[in-house]
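Structure file input_17.txt (compact mmCIF, C-alpha atoms) is printed below.
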```
# COMPACT_ATOMS: atom_id res chain seq x y z
CA MET A 1 93.76 104.65 98.26
CA GLU A 2 91.83 101.98 100.03
CA SER A 3 91.65 103.20 103.61
CA THR A 4 92.26 100.63 106.31
CA TRP A 5 90.84 102.35 109.39
CA GLU A 6 87.63 101.04 110.78
CA TRP A 7 85.25 102.60 113.29
CA ASN A 8 85.68 101.05 116.60
CA SER A 9 83.28 102.48 119.54
CA GLN A 10 85.71 124.37 83.09
CA THR A 11 84.38 129.95 83.01
CA CYS A 12 80.90 130.24 84.25
CA PRO A 13 78.96 133.44 84.74
CA ARG A 14 76.30 131.63 86.70
CA LEU A 15 78.65 130.74 89.54
CA ALA A 16 78.01 133.05 92.45
CA ALA A 17 80.66 133.53 95.08
CA PRO A 18 79.39 132.12 98.32
CA PRO A 19 79.44 134.20 101.42
CA LEU A 20 82.81 133.96 102.60
CA ARG A 21 95.12 120.86 109.10
CA ALA A 22 96.81 124.72 111.97
CA THR A 23 96.79 122.08 114.59
CA PRO A 24 95.86 123.74 117.85
CA ARG A 25 99.22 124.82 119.19
CA VAL A 26 98.24 126.03 122.62
CA PRO A 27 95.55 125.01 125.05
CA LEU A 28 93.61 128.28 124.61
CA LEU A 29 93.26 127.78 120.86
CA ARG A 30 92.20 124.21 121.41
CA CYS A 31 89.50 125.38 123.76
CA VAL A 32 88.27 128.03 121.33
CA LEU A 33 88.00 125.47 118.52
CA LEU A 34 86.13 123.04 120.70
CA VAL A 35 83.67 125.67 121.90
CA ALA A 36 83.16 126.93 118.33
CA SER A 37 82.38 123.41 117.17
CA CYS A 38 79.37 123.28 119.47
CA ILE A 39 77.53 126.27 117.98
CA PRO A 40 76.38 127.02 114.41
CA PRO A 41 79.17 128.80 112.48
CA ALA A 42 78.68 132.44 111.57
CA MET A 43 77.94 133.31 107.96
CA PRO A 44 81.34 133.63 106.22
CA PRO A 45 82.21 137.08 104.85
CA VAL A 46 81.47 137.65 101.18
CA ALA A 47 84.52 137.66 98.91
CA ASP A 48 84.77 139.63 95.69
CA GLU A 49 83.57 137.41 92.82
CA GLY A 50 86.82 137.88 90.94
CA GLU A 51 88.75 136.71 93.99
CA TRP A 52 86.92 133.41 94.27
CA ALA A 53 85.96 132.40 90.72
CA ALA A 54 85.41 128.88 89.52
CA VAL A 55 88.41 126.88 88.37
CA GLU A 56 88.06 126.24 84.65
CA ARG A 57 89.85 124.07 82.14
CA ARG A 58 91.58 125.60 79.11
CA GLY A 59 92.98 122.67 77.14
CA PRO A 60 95.64 120.99 79.28
CA HIS A 61 95.71 123.81 81.83
CA LEU A 62 93.59 125.11 84.69
CA TRP A 63 92.66 128.77 85.22
CA ALA A 64 90.84 130.78 87.86
CA SER A 65 90.25 134.52 88.15
CA GLY A 66 92.18 135.18 84.92
CA ARG A 67 95.35 133.44 85.98
CA PRO A 68 96.78 129.90 85.88
CA PHE A 69 95.65 127.68 88.73
CA VAL A 70 97.81 124.79 89.89
CA VAL A 71 96.68 122.13 92.32
CA HIS A 72 98.95 121.81 95.34
CA GLY A 73 96.74 119.55 97.31
CA PHE A 74 96.18 116.85 99.85
CA ASN A 75 93.77 114.11 100.74
CA THR A 76 91.86 113.96 103.99
CA TYR A 77 89.04 111.58 103.24
CA TRP A 78 87.32 111.65 106.62
CA LEU A 79 86.31 115.34 106.85
CA MET A 80 82.56 114.79 106.50
CA TYR A 81 82.68 111.87 108.90
CA PHE A 82 84.40 113.95 111.57
CA ALA A 83 82.15 116.95 110.91
CA ALA A 84 79.11 114.82 111.75
CA ASP A 85 80.13 114.67 115.42
CA PRO A 86 80.53 117.82 117.57
CA ALA A 87 83.28 116.06 119.52
CA THR A 88 85.49 115.69 116.44
CA ARG A 89 84.40 118.62 114.26
CA ALA A 90 87.29 120.84 115.36
CA ALA A 91 89.66 118.45 113.57
CA VAL A 92 88.07 119.48 110.26
CA THR A 93 88.93 123.12 110.89
CA ALA A 94 92.42 122.16 112.07
CA ALA A 95 93.14 120.03 109.00
CA LEU A 96 92.10 122.80 106.59
CA ALA A 97 93.90 125.52 108.55
CA ASP A 98 97.16 123.54 108.82
CA ALA A 99 97.14 122.79 105.09
CA ALA A 100 96.35 126.41 104.13
CA HIS A 101 99.16 127.61 106.39
CA SER A 102 101.57 125.33 104.48
CA GLY A 103 100.45 126.80 101.12
CA LEU A 104 98.19 123.98 99.97
CA ASN A 105 95.08 125.00 98.04
CA VAL A 106 93.02 121.88 97.27
CA CYS A 107 91.63 119.12 99.43
CA ARG A 108 90.22 115.88 98.09
CA THR A 109 87.71 114.23 100.39
CA TRP A 110 84.76 111.86 100.42
CA ALA A 111 81.29 113.29 99.79
CA PHE A 112 79.71 109.94 100.53
CA ASN A 113 79.09 107.64 103.45
CA ASP A 114 76.74 104.86 102.45
CA GLY A 115 75.02 103.04 105.27
CA GLY A 116 76.66 102.38 108.61
CA HIS A 117 77.75 104.85 111.28
CA ARG A 118 77.10 108.57 110.58
CA ALA A 119 75.84 107.61 107.10
CA LEU A 120 74.90 110.35 104.65
CA GLN A 121 73.01 107.89 102.45
CA LEU A 122 70.87 105.77 104.74
CA LYS A 123 69.45 103.68 101.91
CA PRO A 124 68.62 104.30 98.23
CA PHE A 125 66.80 107.63 97.81
CA SER A 126 67.04 108.34 101.57
CA TYR A 127 69.59 110.77 103.03
CA ASP A 128 70.33 112.00 106.54
CA GLU A 129 69.60 115.74 106.59
CA GLU A 130 71.61 116.23 109.78
CA VAL A 131 74.71 114.70 108.17
CA PHE A 132 74.17 116.92 105.11
CA GLN A 133 73.70 120.06 107.19
CA VAL A 134 75.84 122.07 109.62
CA LEU A 135 77.09 118.88 111.16
CA ALA A 136 78.79 117.53 108.04
CA LEU A 137 79.09 118.19 104.30
CA ASP A 138 77.63 121.72 104.42
CA PHE A 139 80.10 122.48 107.21
CA VAL A 140 83.08 120.97 105.33
CA ILE A 141 82.36 123.08 102.22
CA SER A 142 81.82 126.23 104.29
CA GLU A 143 85.02 125.69 106.29
CA ALA A 144 86.99 125.03 103.09
CA ARG A 145 85.73 128.36 101.73
CA ASN A 146 86.74 130.09 104.96
CA HIS A 147 90.31 128.81 104.48
CA LYS A 148 90.37 129.51 100.69
CA MET A 149 90.65 125.79 100.07
CA ARG A 150 89.16 124.25 96.92
CA LEU A 151 87.59 120.81 97.14
CA ILE A 152 87.56 117.71 94.98
CA LEU A 153 84.56 115.69 96.14
CA SER A 154 84.46 111.99 95.47
CA LEU A 155 80.96 110.52 95.06
CA CYS A 156 81.60 106.82 95.66
CA ASN A 157 84.24 104.25 96.57
CA ASN A 158 85.32 101.06 94.84
CA TRP A 159 86.33 99.78 98.26
CA GLU A 160 83.99 98.88 101.09
CA ASP A 161 85.14 101.69 103.36
CA TYR A 162 82.27 104.07 104.02
CA GLY A 163 79.90 101.88 102.02
CA GLY A 164 80.76 102.31 98.38
CA LYS A 165 80.18 99.81 95.58
CA ALA A 166 79.54 96.86 97.85
CA GLN A 167 76.87 98.71 99.84
CA TYR A 168 74.94 99.59 96.68
CA VAL A 169 74.94 95.90 95.77
CA ARG A 170 73.79 94.89 99.26
CA TRP A 171 70.89 97.33 98.97
CA GLY A 172 69.99 95.76 95.63
CA LYS A 173 69.99 92.28 97.06
CA GLU A 174 67.87 93.42 100.01
CA ALA A 175 65.38 94.78 97.48
CA GLY A 176 65.16 91.33 95.89
CA LEU A 177 67.28 91.95 92.83
CA ASP A 178 68.90 88.90 91.25
CA LEU A 179 72.54 90.02 91.22
CA THR A 180 75.71 88.16 90.35
CA SER A 181 79.10 89.75 90.98
CA ASP A 182 79.48 93.13 92.63
CA ASP A 183 81.17 94.43 89.48
CA ASP A 184 78.37 93.38 87.12
CA ALA A 185 75.70 94.57 89.52
CA PHE A 186 77.15 97.99 90.28
CA PHE A 187 78.38 98.92 86.83
CA SER A 188 75.61 97.30 84.73
CA HIS A 189 72.34 96.80 86.60
CA ALA A 190 69.80 99.56 85.83
CA THR A 191 68.39 99.65 89.37
CA ILE A 192 71.78 99.91 91.06
CA LYS A 193 72.76 102.64 88.63
CA SER A 194 69.55 104.47 89.51
CA TYR A 195 70.59 104.39 93.19
CA TYR A 196 73.92 106.00 92.31
CA LYS A 197 72.31 108.61 90.05
CA ALA A 198 69.80 109.57 92.73
CA PHE A 199 72.58 110.14 95.24
CA VAL A 200 74.64 112.17 92.75
CA LYS A 201 71.63 114.38 92.00
CA ALA A 202 70.91 114.87 95.70
CA VAL A 203 74.48 116.07 96.31
CA LEU A 204 74.96 118.24 93.22
CA THR A 205 71.62 120.05 93.55
CA ARG A 206 71.78 120.54 97.32
CA LYS A 207 71.70 124.11 98.68
CA ASN A 208 74.21 124.63 101.47
CA THR A 209 72.37 125.61 104.64
CA ILE A 210 75.35 127.68 105.84
CA THR A 211 76.35 129.57 102.67
CA ASN A 212 72.93 129.44 100.92
CA VAL A 213 74.71 128.44 97.71
CA ALA A 214 73.88 125.26 95.79
CA TYR A 215 76.78 122.87 95.58
CA MET A 216 76.68 122.96 91.77
CA ASP A 217 76.99 126.79 91.93
CA ASP A 218 79.80 126.89 94.48
CA PRO A 219 83.31 127.71 93.16
CA THR A 220 84.76 126.22 96.35
CA ILE A 221 84.23 122.88 94.64
CA LEU A 222 86.95 122.41 92.03
CA ALA A 223 85.78 119.06 90.71
CA TRP A 224 83.56 116.05 91.21
CA GLU A 225 85.01 112.55 91.15
CA LEU A 226 82.84 109.68 89.91
CA ILE A 227 84.33 106.93 92.06
CA ASN A 228 87.56 106.32 93.91
CA GLU A 229 89.78 103.72 92.21
CA PRO A 230 87.15 101.77 90.21
CA HIS A 231 87.95 98.20 89.22
CA CYS A 232 85.81 95.81 87.17
CA HIS A 233 87.49 92.43 87.39
CA SER A 234 84.52 90.67 85.76
CA ASP A 235 85.26 92.39 82.42
CA PRO A 236 89.00 92.75 81.68
CA SER A 237 88.15 94.13 78.23
CA GLY A 238 87.14 97.37 79.95
CA ASP A 239 83.84 97.64 78.08
CA THR A 240 81.66 97.45 81.19
CA LEU A 241 83.49 100.13 83.14
CA GLN A 242 83.82 102.34 80.05
CA ALA A 243 80.07 102.25 79.47
CA TRP A 244 79.47 103.20 83.12
CA ILE A 245 81.97 106.08 82.97
CA GLU A 246 80.37 107.44 79.79
CA GLU A 247 76.86 107.18 81.23
CA MET A 248 77.68 108.73 84.59
CA ALA A 249 79.91 111.48 83.18
CA SER A 250 77.04 112.51 80.91
CA TYR A 251 74.62 112.40 83.85
CA VAL A 252 76.81 114.59 86.06
CA LYS A 253 77.44 117.11 83.28
CA ASP A 254 73.72 117.33 82.47
CA ILE A 255 73.12 118.45 86.05
CA ASP A 256 76.29 120.49 86.53
CA PRO A 257 77.98 121.49 83.25
CA VAL A 258 80.29 123.94 84.99
CA HIS A 259 82.36 122.10 87.54
CA LEU A 260 85.24 119.96 86.39
CA LEU A 261 84.87 116.19 86.45
CA GLU A 262 87.37 113.40 86.92
CA ILE A 263 86.99 109.64 87.13
CA GLY A 264 89.19 108.63 90.06
CA VAL A 265 91.16 105.84 88.35
CA GLU A 266 94.72 104.95 89.30
CA GLY A 267 95.90 105.30 85.68
CA PHE A 268 96.57 101.71 84.69
CA TYR A 269 96.89 101.18 80.93
CA GLY A 270 94.52 98.66 79.36
CA PRO A 271 93.64 96.76 76.18
CA SER A 272 93.20 99.89 74.03
CA THR A 273 96.94 100.61 74.32
CA PRO A 274 98.77 97.25 74.43
CA GLU A 275 102.02 99.05 73.61
CA LEU A 276 101.83 100.76 77.02
CA LEU A 277 100.97 97.80 79.21
CA HIS A 278 104.64 97.48 80.17
CA VAL A 279 104.40 100.85 81.95
CA ASN A 280 102.02 99.34 84.50
CA PRO A 281 103.59 98.10 87.72
CA ASP A 282 102.62 94.50 86.89
CA ALA A 283 100.67 92.41 84.40
CA TYR A 284 97.65 92.15 86.69
CA SER A 285 97.08 95.92 86.59
CA GLY A 286 96.11 95.68 82.91
CA THR A 287 93.34 93.16 83.60
CA ILE A 288 91.15 94.95 86.16
CA GLY A 289 88.83 96.67 83.68
CA THR A 290 90.41 100.13 83.71
CA ASP A 291 92.06 101.67 80.65
CA PHE A 292 93.71 105.08 81.15
CA ILE A 293 93.55 106.44 77.58
CA ARG A 294 90.14 105.03 76.69
CA ASN A 295 88.56 105.99 80.00
CA HIS A 296 89.62 109.62 79.63
CA HIS A 297 88.23 109.91 76.11
CA ALA A 298 84.76 109.74 77.65
CA LEU A 299 82.78 112.91 76.93
CA GLY A 300 82.61 115.17 79.97
CA ILE A 301 85.83 114.10 81.67
CA ASP A 302 88.10 117.11 82.29
CA LEU A 303 91.04 115.84 84.32
CA ALA A 304 93.31 112.84 83.75
CA SER A 305 93.36 110.92 87.00
CA VAL A 306 96.49 109.11 88.20
CA HIS A 307 97.55 107.62 91.53
CA ILE A 308 101.09 106.60 92.55
CA TYR A 309 101.79 103.92 95.15
CA SER A 310 105.05 102.22 94.27
CA ASP A 311 105.32 100.94 97.85
CA ASN A 312 102.08 99.03 97.38
CA TRP A 313 102.44 98.09 93.70
CA LEU A 314 106.07 96.93 93.54
CA THR A 315 107.08 93.75 95.31
CA HIS A 316 110.56 94.91 96.31
CA SER A 317 111.79 97.78 98.46
CA GLU A 318 114.78 98.92 96.42
CA GLU A 319 114.48 102.69 96.72
CA VAL A 320 116.28 103.66 93.50
CA SER A 321 113.98 101.36 91.52
CA HIS A 322 110.92 102.88 93.18
CA LEU A 323 111.96 106.38 92.22
CA HIS A 324 112.73 105.21 88.67
CA PHE A 325 109.22 103.77 88.46
CA VAL A 326 107.70 107.03 89.70
CA LYS A 327 109.59 109.02 87.06
CA THR A 328 108.57 106.65 84.25
CA TRP A 329 104.95 106.37 85.42
CA MET A 330 104.49 110.11 85.80
CA GLN A 331 106.24 111.15 82.59
CA GLN A 332 104.26 108.68 80.48
CA HIS A 333 100.96 109.90 81.90
CA ILE A 334 101.94 113.56 81.57
CA ASP A 335 102.88 113.00 77.91
CA ASP A 336 99.65 111.12 77.23
CA ALA A 337 97.45 113.62 79.05
CA ALA A 338 99.02 116.49 77.12
CA ASN A 339 99.38 114.91 73.68
CA LEU A 340 96.62 112.31 73.43
CA LEU A 341 93.97 113.64 75.78
CA GLY A 342 94.63 117.38 75.79
CA MET A 343 93.65 117.72 79.43
CA PRO A 344 95.33 118.57 82.73
CA ILE A 345 96.78 115.78 84.82
CA LEU A 346 95.65 115.20 88.35
CA ILE A 347 97.92 113.11 90.51
CA GLY A 348 94.99 112.48 92.82
CA GLU A 349 96.89 110.36 95.32
CA PHE A 350 100.55 109.68 95.96
CA GLY A 351 102.38 108.66 99.07
CA VAL A 352 104.61 106.27 100.96
CA SER A 353 103.57 104.26 103.98
CA LEU A 354 105.82 104.14 107.01
CA LYS A 355 103.66 101.52 108.67
CA ASP A 356 105.58 98.30 108.01
CA GLY A 357 109.07 99.78 108.36
CA LYS A 358 110.12 99.14 104.74
CA PHE A 359 110.55 102.87 104.15
CA GLY A 360 111.32 105.84 106.37
CA HIS A 361 110.81 109.60 106.36
CA LYS A 362 113.91 110.17 104.22
CA PHE A 363 112.58 108.02 101.36
CA ARG A 364 109.09 109.49 101.71
CA GLU A 365 110.57 112.96 101.22
CA ALA A 366 112.61 111.79 98.21
CA PHE A 367 109.44 110.26 96.76
CA MET A 368 107.39 113.43 97.30
CA ASP A 369 110.19 115.62 95.94
CA THR A 370 110.39 113.45 92.80
CA VAL A 371 106.64 113.74 92.17
CA TYR A 372 106.64 117.50 92.70
CA ASN A 373 109.72 118.12 90.54
CA ILE A 374 108.47 116.06 87.59
CA PHE A 375 105.16 117.90 87.57
CA LEU A 376 106.81 121.28 88.16
CA ARG A 377 109.17 120.83 85.22
CA SER A 378 106.30 119.94 82.87
CA TRP A 379 104.15 122.82 84.13
CA LYS A 380 106.87 125.48 83.93
CA THR A 381 107.72 124.48 80.34
CA GLY A 382 104.04 124.84 79.43
CA VAL A 383 103.46 121.17 78.68
CA ILE A 384 100.61 120.60 81.08
CA GLY A 385 98.69 121.87 84.07
CA GLY A 386 96.77 120.26 86.88
CA GLY A 387 98.71 119.25 89.94
CA CYS A 388 99.31 116.76 92.72
CA LEU A 389 97.58 115.76 95.96
CA VAL A 390 99.53 113.90 98.60
CA TRP A 391 97.88 111.08 100.50
CA GLN A 392 97.39 112.28 103.18
CA LEU A 393 97.68 115.18 105.69
CA PHE A 394 96.40 115.12 109.26
CA PRO A 395 96.18 117.42 112.24
CA GLU A 396 97.46 115.94 115.50
CA SER A 397 93.93 115.38 116.77
CA ALA A 398 93.24 112.83 114.01
CA GLU A 399 96.43 110.78 114.13
CA HIS A 400 94.49 107.69 115.23
CA MET A 401 93.14 107.60 111.64
CA ASP A 402 96.65 107.19 110.21
CA ASP A 403 96.89 104.34 107.69
CA GLY A 404 100.68 104.65 107.61
CA TYR A 405 100.67 107.32 104.89
CA ALA A 406 99.71 110.32 106.99
CA VAL A 407 101.88 113.41 107.26
CA ILE A 408 100.92 114.68 110.69
CA PHE A 409 101.71 118.38 110.91
CA ALA A 410 102.65 118.46 114.58
CA LYS A 411 104.83 115.35 114.46
CA SER A 412 106.36 115.10 110.97
CA PRO A 413 109.97 116.16 110.39
CA GLU A 414 110.45 119.85 109.63
CA THR A 415 112.06 118.77 106.35
CA THR A 416 108.76 117.22 105.24
CA LEU A 417 106.78 120.34 106.05
CA LYS A 418 109.44 122.49 104.36
CA LEU A 419 109.07 120.35 101.24
CA LEU A 420 105.36 121.17 101.10
CA ALA A 421 105.99 124.88 101.62
CA ASP A 422 108.84 124.94 99.08
CA HIS A 423 106.64 123.39 96.40
CA SER A 424 104.02 126.06 97.05
CA ARG A 425 106.63 128.80 96.59
CA SER A 426 107.93 127.14 93.41
CA LEU A 427 104.45 127.25 91.91
CA GLU A 428 104.19 130.97 92.69
CA SER A 429 107.59 131.93 91.27
```
Step by step, read the file and then write its structure as structure tokens.
Amino acid sequence: MESTWEWNSQTCPRLAAPPLRATPRVPLLRCVLLVASCIPPAMPPVADEGEWAAVERRGPHLWASGRPFVVHGFNTYWLMYFAADPATRAAVTAALADAAHSGLNVCRTWAFNDGGHRALQLKPFSYDEEVFQVLALDFVISEARNHKMRLILSLCNNWEDYGGKAQYVRWGKEAGLDLTSDDDAFFSHATIKSYYKAFVKAVLTRKNTITNVAYMDDPTILAWELINEPHCHSDPSGDTLQAWIEEMASYVKDIDPVHLLEIGVEGFYGPSTPELLHVNPDAYSGTIGTDFIRNHHALGIDLASVHIYSDNWLTHSEEVSHLHFVKTWMQQHIDDAANLLGMPILIGEFGVSLKDGKFGHKFREAFMDTVYNIFLRSWKTGVIGGGCLVWQLFPESAEHMDDGYAVIFAKSPETTLKLLADHSRSLES
């Protein structure tokens, strides 16, 4: 999802277990969290290796510690950003605690912030150690481990929020490179690609200063994501983006062959499958350079990435039609992931915005229930594994970041929170 908020003032014997959103409900707990955020966190207790093993892919299913693993997850993209400031760091703990309390087990978040305020990547080949350390990404990974929460870490953004593709191109222009469109520059220019690769290597090979475990050896991390929602409008054939995906997937896997890898695409069908273009929400979606089947045939990709935003993709607000689209969209991608790709499906983002008043809590719950039930039916019949991550869950202390899609634990209807908990129980039964 393109965020709208802006700042304003696979088994692996080599993986070692690292040393091991409950919104503050009472003033005392709030005080404890705030005080704790001002001092370095204690070394987490060590868990038995079998208890916290890496998530691995077995065909179209995920496994961990000798049993099936299903993603019941959420997005909270701003964790590293908040962790970089002692005044807001407690919200990171609250978000993870609230989600764990509701039975969720995976969080997808940004592992990048390129240029700008609290930037992790200051410029090409230059990274802010303080933002990496206790104050940010190290802290997020450590806290996730403390709450038994796996992470999917995205490495870049197609959108300008927190830098992303556009920032890489700006850096190239500042270095005197003769660049044309952002798409051509980011996905094709050797120098820009070297910037991206350098950042990826810096993240994957980093040793966490809290847990003393390298990121690429940490089973807390479920998967890496190449880029959130990539588009390449300059080449509707999809060749440019496909070449980039193949190159970067190979690069990531050369460094870290153990962790799972996903692309981050929304799942639009492209030129390689003209017979499926009608499944897209509109004709335009098939011309933005992405191609669901072809993209996921790239060597090294482990999870089939899909997003669902009928409220943003469809021009009308007829609720029955929206739910029909969700069912068709999901079932087609589940069938293709299982039968054509042989990999788990990851509904990396799905949600309904309440911001403009077109939809309310009741429809949001029907939408979420539809997504969960379609996946659950396919998983329980053995068709496919993977899971779903709602966009997005917040603790009360971060509600000012709401883009309209946020489920805020302290303020959302009990029926919404019950839906999350019920899905967790359904996956365990």
- Message: When you look at His297 (chain A) with a cut-off of 10 Å (counting all atoms listed in the file), what residues show up, excluding the ones that are within fewer than 6 positions of it in the same chain? I need them as number ranges by chain.
- Response: A: 242, 246, 304, 340-342
Could you take the residues named above and write them with C-alpha atoms, as a tab-separated table (two decimals), in the coordinates of the input?
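selection.tsv, written as the output of this step:
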```
chain	number	residue	atom	x	y	z
A	242	GLN	CA	83.82	102.34	80.05
A	246	GLU	CA	80.37	107.44	79.79
A	304	ALA	CA	93.31	112.84	83.75
A	340	LEU	CA	96.62	112.31	73.43
A	341	LEU	CA	93.97	113.64	75.78
A	342	GLY	CA	94.63	117.38	75.79
```
- Task: Write out as an NGL selection string each polymer residue whose atoms come within 9 Å of Arg108 (chain A), counting only C-alpha atoms; drop sequence neighbours fewer than 2 positions from it.
- Result: :A and (73-77 or 106 or 110 or 150-154 or 348 or 389)
- In terms of the shortest atom-to-atom distance over all atoms listed in the file, which of A:Leu346, A:Ile408, A:Val352, A:Ala338 is closest to Tyr309 (chain A)? A:Val352
- Two-atom distance - CA of Tyr168 (chain A), CA of Asp239 (chain A) (Å):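 It comes out at 20.7 Å.
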- Message: Residues within 12 Å of Ile245 (chain A), please, as a PyMOL selection string. Count all atoms listed in the file; anything in the same chain fewer than 5 positions from it doesn't count.
- Response: chain A and resi 186-188+193+225-227+230-232+238-240+250-253+261-265+289-292+294-301
- May I ask which of the residues A:Asp422, A:Ile384, A:Ile374, A:Gly163 is the closest one to Phe69 (chain A), counting only C-alpha atoms? A:Ile384
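The shell of residues at most 9 Å from Pro344 (chain A), with all atoms listed in the file counted and near chain neighbours (fewer than 6 positions) removed, consists of Arg57, Arg58, Gly59, Pro60, His61, Leu62, Asp302, Leu303, Ala304, Ser305, Ile334, Ala337, Ala338, Ile384, Gly385, Gly386 and Gly387 of chain A.
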- Could you work out how far CA of Cys107 (chain A) lies from CA of Thr370 (chain A), giving the answer in Å with one decimal?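 Separation between CA of Thr370 (chain A) and CA of Cys107 (chain A): 20.7 Å.
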- Message: Just to confirm, what's the straight-line distance from CA of Ser181 (chain A) to CA of Ile293 (chain A) in Å (one decimal)?
- Response: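 Between CA of Ser181 (chain A) and CA of Ile293 (chain A) the gap works out to 25.8 Å.
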- Query: Around (100.6, 97.9, 78.0) in the file's own coordinates, what residues are found within 12 Å if you use all atoms listed in the file, given back as a PyMOL selection string?
  - Reply: chain A and resi 267-287+290-293+332
- Task: Go through A:Ala95, A:Met343, A:Ala223, A:Leu241 one by one, measure the shortest atom-to-atom distance of each to Gln392 (chain A) using only C-alpha atoms, and give the residue with the smallest value.
- Result: A:Ala95
